[in-house]
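One structure below.
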Amino acid sequence: MAPSSPSVADTPSQSSTPLTSDNDLQPFFVLHKASSQRKDKASTRQGKVRKRNELSLSSPQSTKKLEGSMIEECDHLLFQQLKIEAFGNVWTKIESTIKEVLRDLNASVFNDIQQWVLECFNATASIGELGVAEATRSFPALNNTNLGKLFTALVITRNIEFVDDILTFEELGHFLKSQGCHVAVLSSIEFSVKNGIAGCLKALLREFIAGAIDSADISILASWYREQDHYNKPLVLIINDLERCCGSVLTDFILMLSEWVVKVPIMLIIGVTTTVDNTRNILPSQTLECLCLSKFLLGTPAEKMDAIVEAVLVKQCTTFNIGHKVALFLRNYFINQDGTLTSFIRALKVACLLHFSVEPLSVIHGRLAEDQKEKSALSPETMLKYMDELPTDGRNQMVDQTGKSMAQSLSELLTVRKLWSTAVLCLHEAAKYSRVRLLDLFCEVLNPDLYLSRDSDCRVGNEKESGLSSTGDPCQQYSVMQSSTFICQIVRKVRDLPSGRLHQLIKTWEKLTADVSEIHEKLKMFQSSVRCEDEKSSRKSSKDIPKRNASRVSPYADKDSIMLTSQAVSFIDLLVRNYTRPIECMPFHEIFCFKDVEKLQSVLIGDPRSRIQVDLLESYKILRCSCCNKSGNAILPSKHDSSIMYSLAQEHGDLINLHDWFQSFRTIVLQPTTKRKQKTKQSSHGFGDQNEASIQARFCRAVTELQITGLVRMPSKRRPDFVQRIAFGL
């Protein structure tokens with residue numbers, strides 16, 4: 001140890017530098033260690049590189065190449081920045097649309113709750129106000145006219161998972177505050193055994209009274225409510241999830257509030273995810289007697305999902321679309337995640353992000369999102385102007401088409417999508433009578449294979465049965481189609497509707513197609529043909545029916561109903577044939593439509609063990625360092641220890657000998673430092689032992705990391721010198 005101590009003492013500057021670098025926790029330096037040989041030769045190569053750069057810059061050809069590469073790199077960075085901004089604009093629009101939809105769905109329920117709060121507040125105010133001295137006492141006030149009941153509203157959310165209800169109760173709290181109420185929102189975490197009744201009181205006081213309050217005394221709230229002139233506004237406490245609360249803590253909390261109900265007339269709003277009867281399983285009968293219960297129902301997850309699909313994907317608040325397979329995956333993902341809207345929205349955001357990261361021309365979305373606020377579609381001139389503003393990377397994608405033709409196609413694509421949206425909305429109105437959800441209908445309409453088969457079947461039917469339209473029963477054309485589709489179910493249900501509901505359905509179609517003249521004119525043509533047939537049948541019935549049978553029901557009434565049904569089904573037939581063409585069957589749909597379901601599935605579901613193996617074996621693709629990129633799959637000492645160890649493990653079977661594994665690792669690590677090792681052995685004998693110990697420590701740490709990631713199993717008592725591989729293949 002004597003020879004090593006002077007070397008450390010004599011070089012204090014060298015010992016302080018590694019400490020600073022170890023504290024610098026930058027990801028690159030943690031994951032990748034540069035070769036020591038490269039560090040030694042860096043100073044000698046610096047002068048040569050500087051001379052080479054000066055010589056290369058002196059020639060005009062190299063100067064032009066350098067300028068071109070710099071411009072191309074800047075252009076690429078600018079293009080990436082535009083894609084990020086376009087994604088931000090599009091997703092901000094989608095997210096705001098989703099919030100508006102959910103707010104509109106809950107508006108009627110929120111208004112009912114606000115009316116209930118006012119009625120309860122007026123009922124408590126009619127009892128009489130307390131004086132300041134009486135209200136600020138530290139014990140509850142007793143009133144014979146009041147039985148100590150708390151006005152309580154049970155909001156049935158009907159969600160299996162609570163994650164969707166967080167935003168709902170936050171919106172409810174903001175709404176009641178805007179109506180002049182004092183609102184406190186407590187989560188189910190506050191009503192836990194760990195927090196107890198004292199923790200609940202502290203959280204309640206912090207919500208109502210600004211500032212940090214350490215004492216759990218409800219008399220503080222009573223004083224604040226009476227002294228600060230806050231008694232002219234209702235006190236509302238929102239507990240977002242009853243099922244997640246501790247029953248004993250919530251029971252004590254409710255009993256305490258019931259004792260102070262005269263001084264602190266708090267109204268409770270409690271979220272219930274299941275049914276009202278579940279309150280009997282959580283709260284005892286003594287506590288339920290202290291509550292004056294009212295019930296409010298929120299929309300079901302399926303109703304919320306249909307509203308989001310209609311606003312975002314059907315009405316198209318932006319130009320972003322999804323393909324058929326992606327839509328099926330999102331629907332199944334929504335169902336498998338217990339019908340949570342949060343999971344669906346997160347998956348939709350990932351799909352949008354993947355589309356903007358893969359598609360070069362997706363930058364057009366950002367400009368379209370700004371201009372579509374006022375226009376339903378863009379002219380070819382405007383589209384051409386946007387494409388001219390693209391950097392070189394974007395314009396290079398247009399080699400197959402001229403700018404004008406591509407602009408014209410994109411403009412027509414957006415116009416056709418407007419017709420498609422109107423047709424799907426009309427089909428959805430008819431689907432409500434057969435209880436077909438919009439999400440299911442949306443997935444079916446996006447199916448390109450079903451559309452092509454339906455189109456071919458309709459052509460064959462028209463050739464073989466060209467006289468069907470003259471017989472007045474075009475519904476028979478649907479008999480040759482797939483009977484298991486949702487559209488055929490809709491048609492069969494429309495055929496069975498009474499005339500009153502048919503008239504109501506047609507009026508709804510008129511409202512939906514009012515802004516789309518092409519479809520609206522077709523609907524008017526069907527209606528005019530029905531009126532003509534009605535007039536003919538009415539004149540014929542007045543001539544043929546005798547007076548003695550005038551009191552009976554006209555036999556032509558059924559014929560009129562059949563004619564109305566026939567025309568309604570003919571309109572559906574028109575929509576399906578002419579206006580439900582999937583976006584995947586349109587030119588240039590790749591710019592606006594994301595359909596890579598495999599990539600979306602790998603991101604959301606993924607295969608973590610396979611991903612870890614790929615990252616360990618191909619770490620050079622992630623680090624992108626010059627030494628590893630040149631070598632490819634070669635094992636270099638500059639790689640991370642875990643990557644080296646797992647690459648060496650590929651040479652073994654299911655069992656790995658620890659001694660052989662360590663010797664291979666030691667050979668790789670010491671390979672570039674052989675000359676330095678010989679010099680250090682001649683000067684100092686202790687440095688070699690210290691280096692050997694550090695290598696063993698690095699080896700043990702790498703083996704532990706592979707064990708944590710689930711790739712190897714540690715040695716057993718039967719075979720202490722072997723580790724077992726768990727994961728094989730990718």
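For the structure tokens, the naming scheme is as follows: chains receive sequential letters (A, B, ...) according to their order of presentation, residues are indexed from 1 within each chain, and ligands are indexed from 1 in presentation order.
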Please identify all polymer residues within 10 Å of region 207-214 of chain A, counting only C-alpha atoms, omitting same-chain residues fewer than 6 positions from it, and present them as a ChimeraX atom specification.
/A:182-186,198-199,201,220-221,224-225,235-237
Could you dump the residues just selected with N, CA, C and O atoms as a compact mmCIF listing (two decimals), in the first residue's frame?
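Output saved as selection_21.txt:
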# COMPACT_ATOMS: atom_id res chain seq x y z
N HIS A 182 -69.68 27.67 -2.24
CA HIS A 182 -68.41 27.28 -1.64
C HIS A 182 -68.25 25.78 -1.85
O HIS A 182 -69.04 24.99 -1.32
N VAL A 183 -67.23 25.37 -2.59
CA VAL A 183 -67.09 23.97 -2.99
C VAL A 183 -65.77 23.42 -2.48
O VAL A 183 -64.72 24.08 -2.59
N ALA A 184 -65.81 22.21 -1.94
CA ALA A 184 -64.62 21.45 -1.56
C ALA A 184 -64.72 20.08 -2.20
O ALA A 184 -65.77 19.44 -2.14
N VAL A 185 -63.64 19.65 -2.81
CA VAL A 185 -63.58 18.35 -3.48
C VAL A 185 -62.54 17.49 -2.77
O VAL A 185 -61.36 17.86 -2.72
N LEU A 186 -62.98 16.38 -2.20
CA LEU A 186 -62.10 15.45 -1.51
C LEU A 186 -62.10 14.12 -2.24
O LEU A 186 -63.16 13.63 -2.66
N ALA A 198 -59.11 12.89 11.59
CA ALA A 198 -58.35 14.14 11.67
C ALA A 198 -57.83 14.55 10.30
O ALA A 198 -57.88 15.74 9.93
N GLY A 199 -57.37 13.61 9.53
CA GLY A 199 -56.91 13.94 8.18
C GLY A 199 -58.02 14.43 7.29
O GLY A 199 -57.83 15.33 6.47
N LEU A 201 -60.70 16.10 8.30
CA LEU A 201 -61.03 17.46 8.71
C LEU A 201 -60.00 18.46 8.21
O LEU A 201 -60.35 19.56 7.76
N ILE A 220 -63.52 25.74 13.57
CA ILE A 220 -62.85 26.75 12.74
C ILE A 220 -63.67 27.02 11.49
O ILE A 220 -63.83 28.17 11.06
N LEU A 221 -64.21 25.95 10.90
CA LEU A 221 -65.05 26.12 9.72
C LEU A 221 -66.34 26.85 10.07
O LEU A 221 -66.83 27.69 9.30
N TRP A 224 -65.51 30.52 10.44
CA TRP A 224 -65.26 31.12 9.12
C TRP A 224 -66.56 31.33 8.36
O TRP A 224 -66.74 32.35 7.69
N TYR A 225 -67.47 30.39 8.49
CA TYR A 225 -68.72 30.48 7.73
C TYR A 225 -69.63 31.60 8.25
O TYR A 225 -70.35 32.23 7.48
N LEU A 235 -72.69 25.66 1.16
CA LEU A 235 -71.48 24.88 1.36
C LEU A 235 -71.69 23.50 0.73
O LEU A 235 -72.60 22.78 1.11
N VAL A 236 -70.82 23.14 -0.21
CA VAL A 236 -70.95 21.87 -0.94
C VAL A 236 -69.65 21.10 -0.80
O VAL A 236 -68.56 21.64 -1.06
N LEU A 237 -69.77 19.85 -0.39
CA LEU A 237 -68.62 18.95 -0.29
C LEU A 237 -68.82 17.81 -1.28
O LEU A 237 -69.83 17.11 -1.24
Taking into account only C-alpha atoms, which residue in the set A:Ala514, A:Ala307, A:Leu497, A:Ser528 is nearest to Leu105 (chain A)?
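Using only C-alpha atoms, Leu105 (chain A) sits closest to A:Ala307.
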Using only C-alpha atoms, which of A:Trp260, A:Phe571, A:Phe588, A:Tyr646 sits nearest Leu361 (chain A)?
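Checking each candidate against Leu361 (chain A), we get A:Phe588 as the closest.
Secondary structure by DSSP on the backbone puts the following residues of region 263-335 of chain A in alpha helix (DSSP H): Thr279, Arg280, Asn281, Ile282, Ser285, Gln286, Thr287, Leu288, Pro301, Ala302, Glu303, Lys304, Met305, Asp306, Ala307, Ile308, His324, Lys325, Val326, Ala327, Leu328, Phe329, Leu330, Arg331, Asn332, Tyr333, Phe334 and Ile335 of chain A.
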Selected residues written out with N, CA, C and O atoms, as a short mmCIF file (atom, residue, chain, number, x, y, z; two decimals), in the first residue's frame:
data_model
loop_
_atom_site.label_atom_id
_atom_site.label_comp_id
_atom_site.auth_asym_id
_atom_site.auth_seq_id
_atom_site.Cartn_x
_atom_site.Cartn_y
_atom_site.Cartn_z
N THR A 279 -74.60 1.53 -1.16
CA THR A 279 -74.33 2.35 0.02
C THR A 279 -74.64 1.60 1.31
O THR A 279 -74.02 1.85 2.35
N ARG A 280 -75.58 0.66 1.27
CA ARG A 280 -75.92 -0.12 2.45
C ARG A 280 -74.80 -1.08 2.84
O ARG A 280 -74.68 -1.45 4.02
N ASN A 281 -73.97 -1.46 1.87
CA ASN A 281 -72.85 -2.34 2.17
C ASN A 281 -71.66 -1.59 2.73
O ASN A 281 -70.77 -2.21 3.33
N ILE A 282 -71.61 -0.27 2.55
CA ILE A 282 -70.47 0.52 3.00
C ILE A 282 -70.79 1.28 4.28
O ILE A 282 -69.98 1.34 5.20
N SER A 285 -76.68 1.41 8.97
CA SER A 285 -78.02 2.00 8.93
C SER A 285 -78.11 3.27 9.76
O SER A 285 -78.85 4.19 9.43
N GLN A 286 -77.34 3.36 10.87
CA GLN A 286 -77.34 4.56 11.69
C GLN A 286 -76.85 5.77 10.91
O GLN A 286 -77.37 6.88 11.05
N THR A 287 -75.86 5.55 10.07
CA THR A 287 -75.33 6.64 9.26
C THR A 287 -76.29 7.00 8.14
O THR A 287 -76.47 8.18 7.81
N LEU A 288 -76.92 6.01 7.53
CA LEU A 288 -77.86 6.29 6.43
C LEU A 288 -79.07 7.07 6.92
O LEU A 288 -79.67 7.84 6.15
N PRO A 301 -70.80 5.00 -20.20
CA PRO A 301 -69.57 5.09 -21.00
C PRO A 301 -69.82 4.90 -22.49
O PRO A 301 -69.14 5.53 -23.31
N ALA A 302 -70.77 4.04 -22.86
CA ALA A 302 -71.07 3.84 -24.28
C ALA A 302 -71.64 5.11 -24.91
O ALA A 302 -71.30 5.46 -26.05
N GLU A 303 -72.50 5.81 -24.19
CA GLU A 303 -73.06 7.06 -24.70
C GLU A 303 -71.98 8.12 -24.85
O GLU A 303 -71.96 8.86 -25.85
N LYS A 304 -71.09 8.20 -23.87
CA LYS A 304 -69.99 9.17 -23.98
C LYS A 304 -69.06 8.82 -25.14
O LYS A 304 -68.58 9.71 -25.84
N MET A 305 -68.83 7.53 -25.32
CA MET A 305 -67.96 7.11 -26.42
C MET A 305 -68.56 7.47 -27.76
O MET A 305 -67.86 7.97 -28.66
N ASP A 306 -69.85 7.23 -27.95
CA ASP A 306 -70.50 7.59 -29.21
C ASP A 306 -70.44 9.09 -29.46
O ASP A 306 -70.25 9.53 -30.60
N ALA A 307 -70.59 9.88 -28.41
CA ALA A 307 -70.52 11.34 -28.57
C ALA A 307 -69.11 11.78 -28.97
O ALA A 307 -68.94 12.67 -29.82
N ILE A 308 -68.08 11.15 -28.40
CA ILE A 308 -66.71 11.50 -28.76
C ILE A 308 -66.39 11.07 -30.18
O ILE A 308 -65.76 11.81 -30.95
N HIS A 324 -59.39 1.29 -40.86
CA HIS A 324 -60.33 0.30 -40.34
C HIS A 324 -59.70 -0.54 -39.25
O HIS A 324 -60.31 -0.74 -38.18
N LYS A 325 -58.51 -1.05 -39.46
CA LYS A 325 -57.87 -1.91 -38.46
C LYS A 325 -57.54 -1.14 -37.19
O LYS A 325 -57.65 -1.68 -36.08
N VAL A 326 -57.16 0.11 -37.34
CA VAL A 326 -56.90 0.94 -36.16
C VAL A 326 -58.18 1.19 -35.39
O VAL A 326 -58.21 1.17 -34.15
N ALA A 327 -59.29 1.43 -36.11
CA ALA A 327 -60.57 1.64 -35.45
C ALA A 327 -61.01 0.39 -34.69
O ALA A 327 -61.52 0.48 -33.56
N LEU A 328 -60.83 -0.78 -35.29
CA LEU A 328 -61.16 -2.02 -34.59
C LEU A 328 -60.31 -2.21 -33.35
O LEU A 328 -60.80 -2.64 -32.29
N PHE A 329 -59.04 -1.89 -33.47
CA PHE A 329 -58.15 -2.03 -32.31
C PHE A 329 -58.56 -1.07 -31.19
O PHE A 329 -58.57 -1.46 -30.01
N LEU A 330 -58.90 0.17 -31.54
CA LEU A 330 -59.32 1.13 -30.52
C LEU A 330 -60.63 0.70 -29.86
O LEU A 330 -60.81 0.88 -28.65
N ARG A 331 -61.56 0.14 -30.65
CA ARG A 331 -62.81 -0.34 -30.07
C ARG A 331 -62.55 -1.49 -29.10
O ARG A 331 -63.08 -1.51 -27.98
N ASN A 332 -61.75 -2.47 -29.51
CA ASN A 332 -61.43 -3.59 -28.63
C ASN A 332 -60.63 -3.13 -27.42
O ASN A 332 -60.80 -3.66 -26.31
N TYR A 333 -59.77 -2.16 -27.63
CA TYR A 333 -58.98 -1.63 -26.51
C TYR A 333 -59.90 -0.94 -25.50
O TYR A 333 -59.70 -1.05 -24.28
N PHE A 334 -60.91 -0.25 -25.99
CA PHE A 334 -61.88 0.40 -25.11
C PHE A 334 -62.69 -0.63 -24.33
O PHE A 334 -62.94 -0.47 -23.13
N ILE A 335 -63.09 -1.71 -24.98
CA ILE A 335 -63.87 -2.75 -24.31
C ILE A 335 -63.02 -3.53 -23.32
O ILE A 335 -63.45 -3.81 -22.19
#
Excluding region 575-587 of chain A and any residue of its chain fewer than 6 positions from it, enumerate the residues within 8 Å of it, using only C-alpha atoms, and give them as a list in words.
Gly323, Ser409, Leu413, Val416, Arg417, Leu419, Trp420, Ala423, Val424, Val445, Leu446, Asn447, Pro448, Tyr451, Asp455 and Cys593 of chain A
Write out as a PyMOL selection string which residues come within 12 Å of Thr704 (chain A) when counting only C-alpha atoms, dropping same-chain ones fewer than 2 positions away.
chain A and resi 641-642+645-646+697-702+706-715+723
With N, CA and C atoms retained, write the just-selected residues as an mmCIF file, in the first residue's frame.
data_model
loop_
_atom_site.group_PDB
_atom_site.id
_atom_site.type_symbol
_atom_site.label_atom_id
_atom_site.label_comp_id
_atom_site.auth_asym_id
_atom_site.auth_seq_id
_atom_site.Cartn_x
_atom_site.Cartn_y
_atom_site.Cartn_z
ATOM 1 N N ASP A 641 -21.938 -2.354 -19.969
ATOM 2 C CA ASP A 641 -21.592 -3.674 -19.440
ATOM 3 C C ASP A 641 -22.724 -4.674 -19.641
ATOM 4 N N SER A 642 -23.960 -4.257 -19.428
ATOM 5 C CA SER A 642 -25.090 -5.175 -19.610
ATOM 6 C C SER A 642 -25.222 -5.608 -21.058
ATOM 7 N N MET A 645 -22.484 -8.175 -21.680
ATOM 8 C CA MET A 645 -22.788 -9.449 -21.029
ATOM 9 C C MET A 645 -23.869 -10.217 -21.776
ATOM 10 N N TYR A 646 -24.911 -9.526 -22.207
ATOM 11 C CA TYR A 646 -25.984 -10.239 -22.885
ATOM 12 C C TYR A 646 -25.560 -10.683 -24.282
ATOM 13 N N ALA A 697 -16.542 -6.209 -9.937
ATOM 14 C CA ALA A 697 -17.720 -5.451 -9.485
ATOM 15 C C ALA A 697 -18.632 -5.106 -10.666
ATOM 16 N N ARG A 698 -18.027 -4.709 -11.771
ATOM 17 C CA ARG A 698 -18.828 -4.410 -12.965
ATOM 18 C C ARG A 698 -19.539 -5.660 -13.476
ATOM 19 N N PHE A 699 -18.865 -6.796 -13.406
ATOM 20 C CA PHE A 699 -19.470 -8.050 -13.840
ATOM 21 C C PHE A 699 -20.676 -8.409 -12.965
ATOM 22 N N CYS A 700 -20.518 -8.282 -11.646
ATOM 23 C CA CYS A 700 -21.623 -8.597 -10.731
ATOM 24 C C CYS A 700 -22.807 -7.639 -10.941
ATOM 25 N N ARG A 701 -22.504 -6.382 -11.168
ATOM 26 C CA ARG A 701 -23.588 -5.430 -11.384
ATOM 27 C C ARG A 701 -24.337 -5.732 -12.681
ATOM 28 N N ALA A 702 -23.610 -6.107 -13.730
ATOM 29 C CA ALA A 702 -24.262 -6.428 -15.001
ATOM 30 C C ALA A 702 -25.134 -7.675 -14.884
ATOM 31 N N LEU A 706 -29.256 -7.947 -15.455
ATOM 32 C CA LEU A 706 -29.918 -8.936 -16.313
ATOM 33 C C LEU A 706 -30.928 -9.762 -15.528
ATOM 34 N N GLN A 707 -30.639 -9.998 -14.250
ATOM 35 C CA GLN A 707 -31.600 -10.733 -13.423
ATOM 36 C C GLN A 707 -32.847 -9.885 -13.167
ATOM 37 N N ILE A 708 -32.664 -8.584 -12.905
ATOM 38 C CA ILE A 708 -33.804 -7.701 -12.629
ATOM 39 C C ILE A 708 -34.704 -7.585 -13.855
ATOM 40 N N THR A 709 -34.097 -7.536 -15.031
ATOM 41 C CA THR A 709 -34.889 -7.428 -16.260
ATOM 42 C C THR A 709 -35.540 -8.750 -16.659
ATOM 43 N N GLY A 710 -35.254 -9.831 -15.937
ATOM 44 C CA GLY A 710 -35.911 -11.105 -16.199
ATOM 45 C C GLY A 710 -35.303 -11.903 -17.325
ATOM 46 N N LEU A 711 -34.016 -11.708 -17.603
ATOM 47 C CA LEU A 711 -33.358 -12.423 -18.691
ATOM 48 C C LEU A 711 -32.551 -13.619 -18.205
ATOM 49 N N VAL A 712 -32.070 -13.584 -16.963
ATOM 50 C CA VAL A 712 -31.303 -14.702 -16.399
ATOM 51 C C VAL A 712 -31.812 -14.985 -14.996
ATOM 52 N N ARG A 713 -31.529 -16.191 -14.539
ATOM 53 C CA ARG A 713 -31.873 -16.611 -13.178
ATOM 54 C C ARG A 713 -30.573 -16.897 -12.427
ATOM 55 N N MET A 714 -30.510 -16.424 -11.194
ATOM 56 C CA MET A 714 -29.276 -16.524 -10.409
ATOM 57 C C MET A 714 -28.959 -17.988 -10.076
ATOM 58 N N PRO A 715 -27.687 -18.281 -9.711
ATOM 59 C CA PRO A 715 -27.290 -19.672 -9.430
ATOM 60 C C PRO A 715 -28.073 -20.269 -8.270
ATOM 61 N N VAL A 723 -25.576 -19.886 -14.199
ATOM 62 C CA VAL A 723 -26.822 -19.109 -14.235
ATOM 63 C C VAL A 723 -27.655 -19.630 -15.397
#
Excluding same-chain residues fewer than 5 positions from Trp91 (chain A), what lies within 9 Å of it counting only C-alpha atoms, as a VMD selection string?
chain A and resid 86 96 318 349 352 to 353
With distances taken over only C-alpha atoms, which of A:Ser258, A:Gln650, A:Thr300, A:Ser215 is nearest to Leu341 (chain A)?
A:Thr300
Between A:Ile113, A:Ile644, A:Ile84, A:Leu205, which is the closest to Val363 (chain A) once you count only C-alpha atoms?
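Closest to Val363 (chain A) of all the choices is A:Ile84.
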For Ile591 (chain A): contacts at 10 Å, only C-alpha atoms, fewer than 4 positions along chain excluded, given as a PyMOL selection string
chain A and resi 319-321+355-356+358-365+410+587
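Of the residues in region 148-197 of chain A, those given strand (DSSP E or B) by DSSP on the backbone are Leu150, Phe151, Thr152, Ala153, Leu154, Val155, Ile156, His182, Val183, Ala184, Val185 and Leu186 of chain A.
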With distances taken over only C-alpha atoms, which of A:Val516, A:Arg611, A:Leu502, A:Thr508 is nearest to Ala568 (chain A)?
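Closest to Ala568 (chain A) of all the choices is A:Leu502.
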note - CA of Ala727 (chain A) and CA of Ser664 (chain A) are separated by 20.7 Å
Applying 9 Å and only C-alpha atoms, which residues near Trp116 (chain A) remain after dropping the ones on its own chain fewer than 4 positions away? List them as a ChimeraX atom specification.
/A:111-112,120-121,153,294
Computed interatomic separation between CA of Ile605 (chain A) and CA of Asp654 (chain A) (Å)
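Between CA of Ile605 (chain A) and CA of Asp654 (chain A) the gap works out to 27.8 Å.
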